[in-house]
$ cat data_33.cif   # mmCIF, C-alpha atoms
data_final
#
loop_
_atom_site.group_PDB
_atom_site.id
_atom_site.type_symbol
_atom_site.label_atom_id
_atom_site.label_comp_id
_atom_site.auth_asym_id
_atom_site.auth_seq_id
_atom_site.Cartn_x
_atom_site.Cartn_y
_atom_site.Cartn_z
ATOM 1 C CA MET H 6 -290.689 -38.779 57.754
ATOM 2 C CA ARG H 7 -290.608 -35.019 57.148
ATOM 3 C CA GLY H 8 -289.814 -35.130 53.449
ATOM 4 C CA ARG H 9 -291.950 -32.640 51.545
ATOM 5 C CA CYS H 10 -294.347 -34.098 48.989
ATOM 6 C CA GLY H 11 -293.058 -33.628 45.471
ATOM 7 C CA VAL H 12 -289.393 -33.635 46.530
ATOM 8 C CA PRO H 13 -287.823 -36.943 45.531
ATOM 9 C CA TRP H 14 -284.756 -37.882 47.545
ATOM 10 C CA TRP H 15 -282.359 -40.808 47.728
ATOM 11 C CA HIS H 16 -279.060 -42.058 49.097
ATOM 12 C CA THR H 17 -276.435 -43.602 46.821
ATOM 13 C CA PRO H 18 -274.561 -46.223 48.886
ATOM 14 C CA ASN H 19 -271.008 -45.605 47.669
ATOM 15 C CA GLY H 20 -269.082 -45.560 50.926
ATOM 16 C CA GLU H 21 -268.879 -49.147 52.065
ATOM 17 C CA HIS H 22 -266.019 -51.597 51.627
ATOM 18 C CA ARG H 23 -266.633 -54.118 48.857
ATOM 19 C CA ASP H 24 -264.972 -57.075 47.262
ATOM 20 C CA PRO H 25 -262.598 -55.726 44.553
ATOM 21 C CA ALA H 26 -264.501 -57.583 41.808
ATOM 22 C CA ILE H 27 -267.777 -55.943 42.856
ATOM 23 C CA GLY H 28 -266.048 -52.550 43.058
ATOM 24 C CA ALA H 29 -264.699 -52.982 39.522
ATOM 25 C CA LYS H 30 -268.138 -53.994 38.229
ATOM 26 C CA LEU H 31 -269.787 -50.963 39.853
ATOM 27 C CA LYS H 32 -267.127 -48.681 38.375
ATOM 28 C CA ARG H 33 -267.815 -50.102 34.890
ATOM 29 C CA MET H 34 -271.523 -49.439 35.496
ATOM 30 C CA GLY H 35 -270.773 -45.749 36.147
ATOM 31 C CA THR H 36 -270.528 -45.539 39.924
ATOM 32 C CA LYS H 37 -268.346 -42.556 40.855
ATOM 33 C CA PRO H 38 -266.723 -41.724 44.177
ATOM 34 C CA GLY H 39 -267.632 -38.620 46.145
ATOM 35 C CA VAL H 40 -271.380 -38.462 45.467
ATOM 36 C CA PRO H 41 -273.091 -36.624 48.356
ATOM 37 C CA ASP H 42 -274.867 -38.776 50.952
ATOM 38 C CA VAL H 43 -278.362 -37.393 50.336
ATOM 39 C CA LEU H 44 -279.599 -36.190 46.952
ATOM 40 C CA CYS H 45 -282.927 -34.532 46.203
ATOM 41 C CA VAL H 46 -284.563 -32.547 43.426
ATOM 42 C CA ILE H 47 -286.283 -29.340 44.479
ATOM 43 C CA ASP H 48 -288.052 -27.217 41.873
ATOM 44 C CA GLY H 49 -286.132 -28.959 39.086
ATOM 45 C CA ARG H 50 -282.684 -28.473 40.629
ATOM 46 C CA LEU H 51 -280.423 -31.150 42.087
ATOM 47 C CA HIS H 52 -279.358 -30.652 45.713
ATOM 48 C CA GLY H 53 -276.659 -32.764 47.392
ATOM 49 C CA LEU H 54 -275.986 -32.938 51.108
ATOM 50 C CA GLU H 55 -272.762 -34.433 52.428
ATOM 51 C CA LEU H 56 -273.162 -35.651 56.011
ATOM 52 C CA LYS H 57 -270.257 -35.530 58.445
ATOM 53 C CA ARG H 58 -269.859 -36.103 62.158
ATOM 54 C CA GLU H 59 -269.941 -32.971 64.287
ATOM 55 C CA ARG H 60 -266.293 -33.477 65.217
ATOM 56 C CA GLY H 61 -263.604 -34.968 63.055
ATOM 57 C CA GLY H 62 -265.582 -35.543 59.858
ATOM 58 C CA ARG H 63 -263.640 -34.431 56.794
ATOM 59 C CA VAL H 64 -264.541 -34.066 53.145
ATOM 60 C CA SER H 65 -262.260 -36.344 51.109
ATOM 61 C CA PRO H 66 -260.486 -35.204 47.939
ATOM 62 C CA ALA H 67 -262.850 -37.407 45.870
ATOM 63 C CA GLN H 68 -265.867 -35.815 47.572
ATOM 64 C CA ARG H 69 -264.503 -32.309 47.049
ATOM 65 C CA ALA H 70 -263.903 -33.022 43.345
ATOM 66 C CA MET H 71 -267.396 -34.479 42.827
ATOM 67 C CA HIS H 72 -269.043 -31.632 44.728
ATOM 68 C CA ASP H 73 -267.185 -29.106 42.539
ATOM 69 C CA GLU H 74 -268.251 -31.004 39.400
ATOM 70 C CA LEU H 75 -271.889 -31.016 40.534
ATOM 71 C CA ARG H 76 -271.808 -27.286 41.364
ATOM 72 C CA ALA H 77 -270.292 -26.503 37.952
ATOM 73 C CA ALA H 78 -273.259 -28.332 36.390
ATOM 74 C CA GLY H 79 -275.748 -26.220 38.371
ATOM 75 C CA ALA H 80 -276.398 -28.359 41.460
ATOM 76 C CA ILE H 81 -276.471 -27.020 44.989
ATOM 77 C CA VAL H 82 -274.121 -28.966 47.280
ATOM 78 C CA GLU H 83 -273.501 -28.408 50.972
ATOM 79 C CA THR H 84 -271.833 -30.232 53.844
ATOM 80 C CA ALA H 85 -273.555 -30.558 57.218
ATOM 81 C CA ARG H 86 -271.847 -31.518 60.462
ATOM 82 C CA GLY H 87 -274.271 -33.329 62.729
ATOM 83 C CA LEU H 88 -278.022 -33.825 62.692
ATOM 84 C CA ASP H 89 -279.048 -30.296 63.669
ATOM 85 C CA GLU H 90 -277.013 -28.740 60.871
ATOM 86 C CA ALA H 91 -278.323 -31.302 58.361
ATOM 87 C CA LEU H 92 -281.935 -30.558 59.307
ATOM 88 C CA ALA H 93 -281.270 -26.812 59.064
ATOM 89 C CA VAL H 94 -279.881 -27.181 55.526
ATOM 90 C CA LEU H 95 -282.800 -29.375 54.410
ATOM 91 C CA LEU H 96 -285.273 -26.905 55.926
ATOM 92 C CA ARG H 97 -283.565 -23.949 54.230
ATOM 93 C CA TRP H 98 -283.716 -25.786 50.889
ATOM 94 C CA GLY H 99 -287.435 -26.460 51.341
ATOM 95 C CA ALA H 100 -286.959 -30.244 51.365
ATOM 96 C CA LEU H 101 -288.837 -30.747 54.631
ATOM 97 C CA GLY H 102 -292.506 -30.499 55.424
ATOM 98 C CA PRO H 103 -293.942 -29.303 58.719
ATOM 99 C CA ARG H 104 -293.234 -31.106 61.978
ATOM 100 C CA SER H 105 -295.942 -33.377 63.220
ATOM 101 C CA THR H 106 -297.192 -32.648 66.715
#
$ encode --input "data_33.cif" --output "structure tokens"
Amino acid sequence: MRGRCGVPWWHTPNGEHRDPAIGAKLKRMGTKPGVPDVLCVIDGRLHGLELKRERGGRVSPAQRAMHDELRAAGAIVETARGLDEALAVLLRWGALGPRST
């Protein structure tokens, strides 16, 4: 609801349990593990935000490897723990518009 105009964003649903045949098909199609939960393009640069619970959420080895690969390619990737931290990151990146009153 607060997404800034001109900033496309999306979620890639990689994290759910699937039938092994579907998982194999998706892998053949190019699906990779560890993609951040929210992706957006701001001023021509890819930004990825990994969302974790405030307590107990951990970045997996696959996520860490993908995040490193994205950073090496020029993307900005961060991890946020909880809603307040996620909103703060998105605001800092300029992905959010003003609050409605």
$ residues_around --input "data_33.cif" --residues "stretch 19-22 of chain H" --least-positions-apart "5" --cutoff "12 Å" --atoms "all atoms listed in the file" --output "number ranges by chain"
H: 27-28, 31-32, 35-43, 55-56, 65, 67-68
$ residues_around --input "data_33.cif" --residues "H:Pro13" --least-positions-apart "2" --cutoff "8 Å" --atoms "only C-alpha atoms" --output "compact mmCIF listing (two decimals) with C-alpha atoms, in the coordinates of the input"
# COMPACT_ATOMS: atom_id res chain seq x y z
CA CYS H 10 -294.35 -34.10 48.99
CA GLY H 11 -293.06 -33.63 45.47
CA TRP H 15 -282.36 -40.81 47.73
CA CYS H 45 -282.93 -34.53 46.20
CA VAL H 46 -284.56 -32.55 43.43
CA ILE H 47 -286.28 -29.34 44.48
$ residues_around --input "data_33.cif" --residues "H:Glu90" --least-positions-apart "4" --cutoff "10 Å" --atoms "only C-alpha atoms" --output "compact mmCIF listing (two decimals) with C-alpha atoms, in the coordinates of the input"
# COMPACT_ATOMS: atom_id res chain seq x y z
CA LEU H 56 -273.16 -35.65 56.01
CA LYS H 57 -270.26 -35.53 58.44
CA GLU H 59 -269.94 -32.97 64.29
CA THR H 84 -271.83 -30.23 53.84
CA ALA H 85 -273.56 -30.56 57.22
CA ARG H 86 -271.85 -31.52 60.46
CA VAL H 94 -279.88 -27.18 55.53
CA LEU H 95 -282.80 -29.38 54.41
CA LEU H 96 -285.27 -26.90 55.93
$ atom_distance --input "data_33.cif" --atom1 "atom CA of H:Gly62" --atom2 "atom CA of H:Asp89"
14.9 Å
$ resolve_selection --input "data_33.cif" --expression "the PyMOL selection byres ((chain H and resi 6) around 10)" --output "list in words"
Arg7, Gly8, Arg9, Leu101, Gly102, Arg104 and Ser105 of chain H
$ closest_residue --input "data_33.cif" --among "H:Leu54, H:Leu88, H:Val12, H:Ala93" --to "H:His72" --atoms "all atoms listed in the file"
H:Leu54
$ resolve_selection --input "data_33.cif" --expression "the PyMOL selection byres ((chain H and resi 74-80) around 7)" --output "ChimeraX atom specification"
/H:50-52,70-73,81-82
$ closest_residue --input "data_33.cif" --among "H:Ala91, H:Pro103, H:Asp24, H:Trp14" --to "H:Arg58" --atoms "all atoms listed in the file"
H:Ala91
